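K.L.:
Please see the structure below; I have some questions.
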Amino acid sequence: MILIFRWLLRIATGLIVFAAVVIGLIWFFLSRSLPNYDATATVSGITAPVEIVRDLADVPHIFAANDSDAYFALGYAHAQDRLWQMIVARRTVQGTLSELFGQRSYASDALMRRLDLYGAATDSVAAQDEAGLAALNAYSAGVNAWLAEVNRGALGRGAPEMWLFNHAIAPWQPADSLGVMKLMALQLQAQIPAEVLRAQASLLLPPERVADLLPDAPGDGLAALPRYAEIVRDVPTEFALNTTTRDMLQAAPMPGFEGASNAFAAGPSRVASGGTLLANDPHTALTAPALWYLARLQLRAGDVIGATIPGIPLVLSGRSNTLGWGITASYLDDLDVYIEEVNPANANEYRTPDGWKLFETRDSIIQIKGAPAVTLRLQWTDNGPVLPPDQYDLGTIRPQGHVTSVAWTALARDDASYSAARRIMGARSVAGAITAAEGFIAPSVNLVLADRADIGMKTLGAFPIRDPEHDSQGRMPSYGYLPQNRWQGLRPYADNPEFRGADNGIIGNTNNKVVDAPFPDHMSFVWGDTQRILRWEHLMQQRQVHTRQSFIEAQLDTVSPTARALLPLIAANLWFTGEAAPEGTPERLRQRALTLLAAWNGEMNEHLPEPLIYSAWMRALQDRIIRDELGPLADRFTHVDPVFIERVFRNTDGAAIWCDIIQSAQVEDCDTIARLALDDALIWVTEHYGDAIESLRWGDAHVATSDHPVLGDVPLLGWIVNIRQSSSGGDNTLMRGLTLGSGDEPFLNVHAAAYRGVYDFSDPDNSVYIISTGQSGHPLSSHYDNLGERWRRGEYIPMSLDPQIARAGAVGVTHLLPATAGLDQTGASQ
C-alpha cells in the first residue's frame with residue numbers, strides 16, 4: 001500500500017511539474033509578443049529621429065520632425081498594440097477570413113467578395129491628394145517596420161492569436177487602410193435591413209398597420225406608401241427567414257446594431273468659462289480590445305489627440321489646440337436595393353431601361369480552412385453588385401426570375417474620403433474644417449465641430465439624387481430597370497445639411513432626424529434615435545450655461561425618457577388596482593412589481609431592480625402585440641420600438657387594434673395585453689434571477705460584454721480574453737447600452753460608447769477621454785483592460801497635449817532612428 005501511495009505521489013508530482021512546465025512554456029511564447037516600450041530601433045522609412053512616449057494609460061504621444069514620420073510612428077504603435085485586430089479587419093474587408101477560421105466566416109467572406117469593397121479601396125488609392133497618399137504610405141511603412149521587428153527578433157509572431165491561427169502576414173498597404181474605412185461604412189449601414197423589413201411587413205400587413213409598426217421617426221406613419229406587392233409584382237407572401245445569430249466575425253452587423261453616437265457642442269454664450277465645449281461618444285460593438293485606440297500626433301499644422309481606429313491613420317474624434325471634432329452616424333439614405341429582372345431566354349442578361357444587357361461577371365475563389373474551396377460567380381448590374389438571396393433575407397422579397405442588386409455610395413472607386421478626413425485634422429476653425437471635408441463620400445457621418453469661438457455641424461457623405469417619382473421613395477426595394485428608380489447623380493457638397501452657431505448656442509445630434517424636408521430632399525426615412533434626443537434637449541435646456549462637468553454628466557446620463565413616457569401610459573389602469581392577493585401568487589408578484597415601478601424615476605441604474613422589470617415587461621408586451629400578425633417575422637423585431645408602443649396605447653390612427661389577438665374568439669384590449677405581458681415578464685425574471693424582485697440588479701442582466709471576436713466563445717480562453725462588467729444605461733438612454741435583444745441573455749450590453757471624449761477650449765488641457773478596455777490587444781498586457789473599470793465607473797483620463805504631462809511617469813519611451821543614421825538594428829553605434 002505504501003509503495004502504491006509513493007508511486008501515486010510521484011505520478012501526481014510529475015503531472016504537476018509537467019503542467020507547470022507546459023504553462024510556463026505557453027506563457028513564455030505568448031509573452032514574447034508583448035512589445036518593449038523602452039526600446040530603441042533603427043528603421044527604414046523615416047527621415048529623422050522619432051520619439052513615442054507612452055503615458056500612464058499607455059497612450060502613445062508621437063513626437064516627430066515631419067508629418068510623414070508621425071504617421072509612420074502611428075502605424076508602428078498600432079501594430080505593436082493591435083496587430084491581430086488589424087489583420088482581422090483587413091481580412092474581413094478582403095473576404096479572406098475563411099482561410100483562418102473555416103466555415104464560420106464563409107458568409108462574411110462571400111458578402112465582401114460580392115460587394116468588392118477591397119477592390120474599391122484599391123482603386124481609390126489613386127484618388128487621394130498628395131498629402132493623403134504620403135500619410136497612407138508612411139503609415140504602411142510604420143506597420144511594416146514593426147512586422148520586420150517581429151520577424152527579426154522572433155517576437156512571438158506579433159500577437160498571441162497567431163499561435164492558434166498561424167498564417168503568413170502580407171505587408172500593409174495604403175489600400176488596406178482605405179479598406180478598413182469602407183468596412184466602417186458597412187458597419188454603419190442600416191438601409192438594406194430597413195428596406196427588406198419594410199417590404200416583408202408590407203407583404204403581411206395593410207399600409208396603415210405598416211405605418212404603426214415602421215413609422216417615420218419622428219413623424220406620421222407611412223399610410224401613403226403603397227404595398228410592396230404593388231411596387232414589385234409576384235412576390236410570395238409566405239417566406240422562410242434565415243436564422244440570424246450574433247457573430248462578431250461577420251462583416252455586416254445584425255439589423256439594429258448599426259452605428260450610433262452622441263455629439264454635442266456649446267458656444268461661448270452657453271459655457272460658464274466663455275469658451276466652447278464639445279462632447280462625443282461614438283457607439284459601436286463592444287469588443288476586446290475596443291475598436292478605438294487613443295493617440296497623440298505631432299503634426300506640422302498642430303498637434304492632434306483623440307480616438308483612432310487601428311489600421312487607419314486618422315484621429316476620427318479628437319482635438320488640436322484650436323479645433324475639436326466629433327462624429328455621429330448620420331443615417332443618410334445612401335443605398336438602394338433593386339429588383340433586377342433576368343432575361344428568361346438568357347440568364348446572363350438583365351433588363352435595363354434600354355433593353356437587355358449582359359451582367360458584368362467575374363469568378364472569385366474563397367479558400368476555406370478544413371473544407372474545399374468555393375468558387376463564387378460575382379455579378380454586377382449598372383446599379384451595383386448582385387447579392388444572393390441568403391444575404392439580408394433578400395430572397396424573401398424578390399419574385400422568381402429576378403435577382404437583387406444594391407447601389408451604394410461606399411462602392412465608389414474614386415473615393416477620396418480619407419484625404420478629406422485627414423484635412424479636417426489640420427483645420428484651425430469650424431469654417432475651415434467644413435471646407436476641408438469636401439470630397440468625403442463614405443461612411444456618411446455628422447461632423448460636430450468646435451473651435452475657440454464657434455460651433456457647427458455638417459453632414460458628410462455623398463447624397464444621391466432621386467427622382468420625385470421613385471416608386472418606393474427608397475423605403476423598399478424597387479425595379480432596377482425603371483428610370484424613375486435609378487439615381488440621377490450626387491448632390492453637391494454644399495447642399496448637405498449644415499448648422500452653424502445655433503441660435504441657443506448649442507448644437508448636437510444623437511442620430512436623430514436632422515432635416516424636416518419632403519422626399520427627395522428628406523435625407524432619410526430611417527433614423528437611429530427618437531428618444532435619446534428628448535433627454536439630451538432637457539439636459540441642455542435645464543442649464544443656462546454649461547461646464548465640462550455638465551457635459552460629462554450628460555454623456556453618463558442613465559435616465560430613460562422612454563420609461564418615463566411609456567409606463568404611465570401602459571400601466572394607467574394597472575397601478576394599485578386588483579384585489580388583495582396572498583404572498584406567493586402571480587397576482588401578488590404583479591402588485592409588488594407595479595409598486596416598485598410606480599415609485600421609479602426611470603433611471604436605468606445597474607444597482608436597481610426596476611430597470612430589469614421594466615425592460616422585461618416592454619419586451620414581452622411588444623412580442624404579445626405583434627406575434628399573431630407577423631408570426632416568425634416578429635423575431636426580427638428584437639428591440640422595443642417606443643414609437644410603435646405609444647401609437648398602440650394612444651390608439652393613433654386606430655393602432656389599438658394591434659392589442660386584439662386576431663386568432664382568438666374574444667376581443668382583447670390593451671390593458672389586458674399589458675397585464676398578461678407583465679405576468680410573462682415576471683415569470684421570465686423569476687426563473688432567471690429569483691422571486692425576490694426587490695433585490696434584483698439590472699447590472700446582473702445588463703452586463704457590458706467586451707468579448708474577443710475570435711476566442712470569446714472558447715472555453716477557458718473566453719474567461720481570459722473577455723472583459724465583462726455590470727453596467728447601467730439601456731437602449732434609449734444617453735449613456736446608451738444597447739441590449740442583445742435575443743437568446744437566453746437578451747439584456748446583455750453589446751453595443752455602447754466604447755469611446756468618450758469631452759473637449760474644453762477654455763482650457764484645452766482640461767479635456768478628457770476614455771475607451772472601454774485598454775490600449776493593448778494582448779491579453780497578458782497590464783494595459784489590456786486597465787481602462788475598462790474606469791470606463792464602467794464613468795471616469796476619464798486627461799487628454800493633454802502638454803509634453804511634460806505625457807512624460808511624467810511614462811510607462812516607456814520608444815526611440816525610432818532612421819536607418820541612415822549609421823546605427824545597427826539594435827540602435828548601437830557601428
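Chain lettering (A, B, ...) mirrors the order of the C-alpha cells, residue numbering begins at 1 for each chain separately, and ligand numbering begins at 1 in order of display.
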Near stretch 377-393 of chain A, counting only C-alpha atoms, which residues have an atom at most 9 Å away, once you skip same-chain residues fewer than 6 positions from it, shown as a VMD selection string?
P.N.:
chain A and resid 107 111 113 to 116 192 to 193 196 to 197 240 to 242 255 336 338 340 350 352 357 to 365 403 to 408 411 480 486 to 487
K.L.:
If we count only C-alpha atoms, what is near A:Val768 at a cut-off of 12 Å, once residues fewer than 2 positions away on the same chain are taken out, given as a count of residues only?
P.N.:
37
K.L.:
May I ask which of the residues A:Glu694, A:Glu238, A:Glu668, A:Asp641 is the closest one to A:Ala593, counting only C-alpha atoms?
P.N.:
A:Glu694
K.L.:
Any idea what's packed within 10 Å of stretch 469-471 of chain A, counting only C-alpha atoms, ignoring anything in its chain fewer than 3 positions away? Could you give it as a ChimeraX atom specification?
P.N.:
/A:225-226,228,230-232,466,474-479,482-487,519-520
K.L.:
Can you pull out every residue within 7 Å of stretch 647-652 of chain A, counting only C-alpha atoms, but drop anything in the same chain fewer than 4 positions away, and send it as a PDB file with all heavy atoms, in the first residue's frame?
P.N.:
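Dumped everything to result-v7.pdb:
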```
ATOM      1  N   ASP A 212     -47.978  51.937 -38.438  1.00  0.00           N
ATOM      2  CA  ASP A 212     -47.830  51.831 -36.980  1.00  0.00           C
ATOM      3  C   ASP A 212     -46.480  51.221 -36.620  1.00  0.00           C
ATOM      4  O   ASP A 212     -45.774  51.735 -35.746  1.00  0.00           O
ATOM      5  CB  ASP A 212     -48.933  50.935 -36.401  1.00  0.00           C
ATOM      6  CG  ASP A 212     -50.333  51.486 -36.616  1.00  0.00           C
ATOM      7  OD1 ASP A 212     -50.471  52.714 -36.663  1.00  0.00           O
ATOM      8  OD2 ASP A 212     -51.264  50.675 -36.730  1.00  0.00           O
ATOM      9  N   LEU A 569     -48.437  55.443 -19.405  1.00  0.00           N
ATOM     10  CA  LEU A 569     -49.410  55.169 -20.462  1.00  0.00           C
ATOM     11  C   LEU A 569     -49.876  53.718 -20.416  1.00  0.00           C
ATOM     12  O   LEU A 569     -51.079  53.423 -20.460  1.00  0.00           O
ATOM     13  CB  LEU A 569     -48.759  55.486 -21.815  1.00  0.00           C
ATOM     14  CG  LEU A 569     -49.629  55.388 -23.064  1.00  0.00           C
ATOM     15  CD1 LEU A 569     -50.753  56.415 -23.021  1.00  0.00           C
ATOM     16  CD2 LEU A 569     -48.765  55.590 -24.307  1.00  0.00           C
ATOM     17  N   ILE A 570     -48.938  52.819 -20.290  1.00  0.00           N
ATOM     18  CA  ILE A 570     -49.262  51.390 -20.340  1.00  0.00           C
ATOM     19  C   ILE A 570     -49.891  50.908 -19.039  1.00  0.00           C
ATOM     20  O   ILE A 570     -50.809  50.074 -19.046  1.00  0.00           O
ATOM     21  CB  ILE A 570     -47.975  50.586 -20.652  1.00  0.00           C
ATOM     22  CG1 ILE A 570     -47.502  50.911 -22.063  1.00  0.00           C
ATOM     23  CG2 ILE A 570     -48.198  49.091 -20.484  1.00  0.00           C
ATOM     24  CD1 ILE A 570     -46.103  50.415 -22.364  1.00  0.00           C
ATOM     25  N   VAL A 643     -41.914  54.239 -30.172  1.00  0.00           N
ATOM     26  CA  VAL A 643     -42.866  54.981 -31.007  1.00  0.00           C
ATOM     27  C   VAL A 643     -44.054  54.094 -31.354  1.00  0.00           C
ATOM     28  O   VAL A 643     -45.214  54.521 -31.294  1.00  0.00           O
ATOM     29  CB  VAL A 643     -42.180  55.497 -32.280  1.00  0.00           C
ATOM     30  CG1 VAL A 643     -43.185  56.210 -33.187  1.00  0.00           C
ATOM     31  CG2 VAL A 643     -41.033  56.446 -31.926  1.00  0.00           C
ATOM     32  N   ALA A 656     -54.715  50.828 -31.819  1.00  0.00           N
ATOM     33  CA  ALA A 656     -55.040  49.943 -30.695  1.00  0.00           C
ATOM     34  C   ALA A 656     -55.550  48.583 -31.156  1.00  0.00           C
ATOM     35  O   ALA A 656     -55.596  47.633 -30.366  1.00  0.00           O
ATOM     36  CB  ALA A 656     -56.084  50.605 -29.792  1.00  0.00           C
ATOM     37  N   TRP A 658     -53.986  46.537 -32.698  1.00  0.00           N
ATOM     38  CA  TRP A 658     -52.908  45.575 -32.506  1.00  0.00           C
ATOM     39  C   TRP A 658     -53.110  44.757 -31.225  1.00  0.00           C
ATOM     40  O   TRP A 658     -52.641  43.624 -31.140  1.00  0.00           O
ATOM     41  CB  TRP A 658     -51.565  46.305 -32.413  1.00  0.00           C
ATOM     42  CG  TRP A 658     -51.006  46.772 -33.720  1.00  0.00           C
ATOM     43  CD1 TRP A 658     -51.203  47.979 -34.310  1.00  0.00           C
ATOM     44  CD2 TRP A 658     -50.132  46.037 -34.592  1.00  0.00           C
ATOM     45  NE1 TRP A 658     -50.512  48.047 -35.493  1.00  0.00           N
ATOM     46  CE2 TRP A 658     -49.840  46.877 -35.690  1.00  0.00           C
ATOM     47  CE3 TRP A 658     -49.561  44.766 -34.545  1.00  0.00           C
ATOM     48  CZ2 TRP A 658     -49.006  46.465 -36.738  1.00  0.00           C
ATOM     49  CZ3 TRP A 658     -48.727  44.363 -35.578  1.00  0.00           C
ATOM     50  CH2 TRP A 658     -48.460  45.209 -36.658  1.00  0.00           C
ATOM     51  N   CYS A 670     -56.005  46.702 -24.760  1.00  0.00           N
ATOM     52  CA  CYS A 670     -54.595  46.927 -24.454  1.00  0.00           C
ATOM     53  C   CYS A 670     -54.281  46.745 -22.970  1.00  0.00           C
ATOM     54  O   CYS A 670     -53.173  46.326 -22.612  1.00  0.00           O
ATOM     55  CB  CYS A 670     -54.172  48.318 -24.929  1.00  0.00           C
ATOM     56  SG  CYS A 670     -54.090  48.449 -26.744  1.00  0.00           S
TER      57      CYS A 670
END
```
K.L.:
Taking the DSSP assignment computed from this structure's backbone, write out as JSON, numbers by chain all residues of stretch 270-490 of chain A that belong to alpha helix (DSSP H).
P.N.:
{"A": [417, 418, 419, 420, 421, 422, 423, 424, 425, 426, 430, 431, 432, 433, 434, 435, 436]}
K.L.:
Do you know which residues are at most 8 Å from A:Ser98 counting only C-alpha atoms, after dropping those on the same chain fewer than 4 positions away, and could you put them as an NGL selection string?
P.N.:
:A and (102-106 or 109 or 366-369)
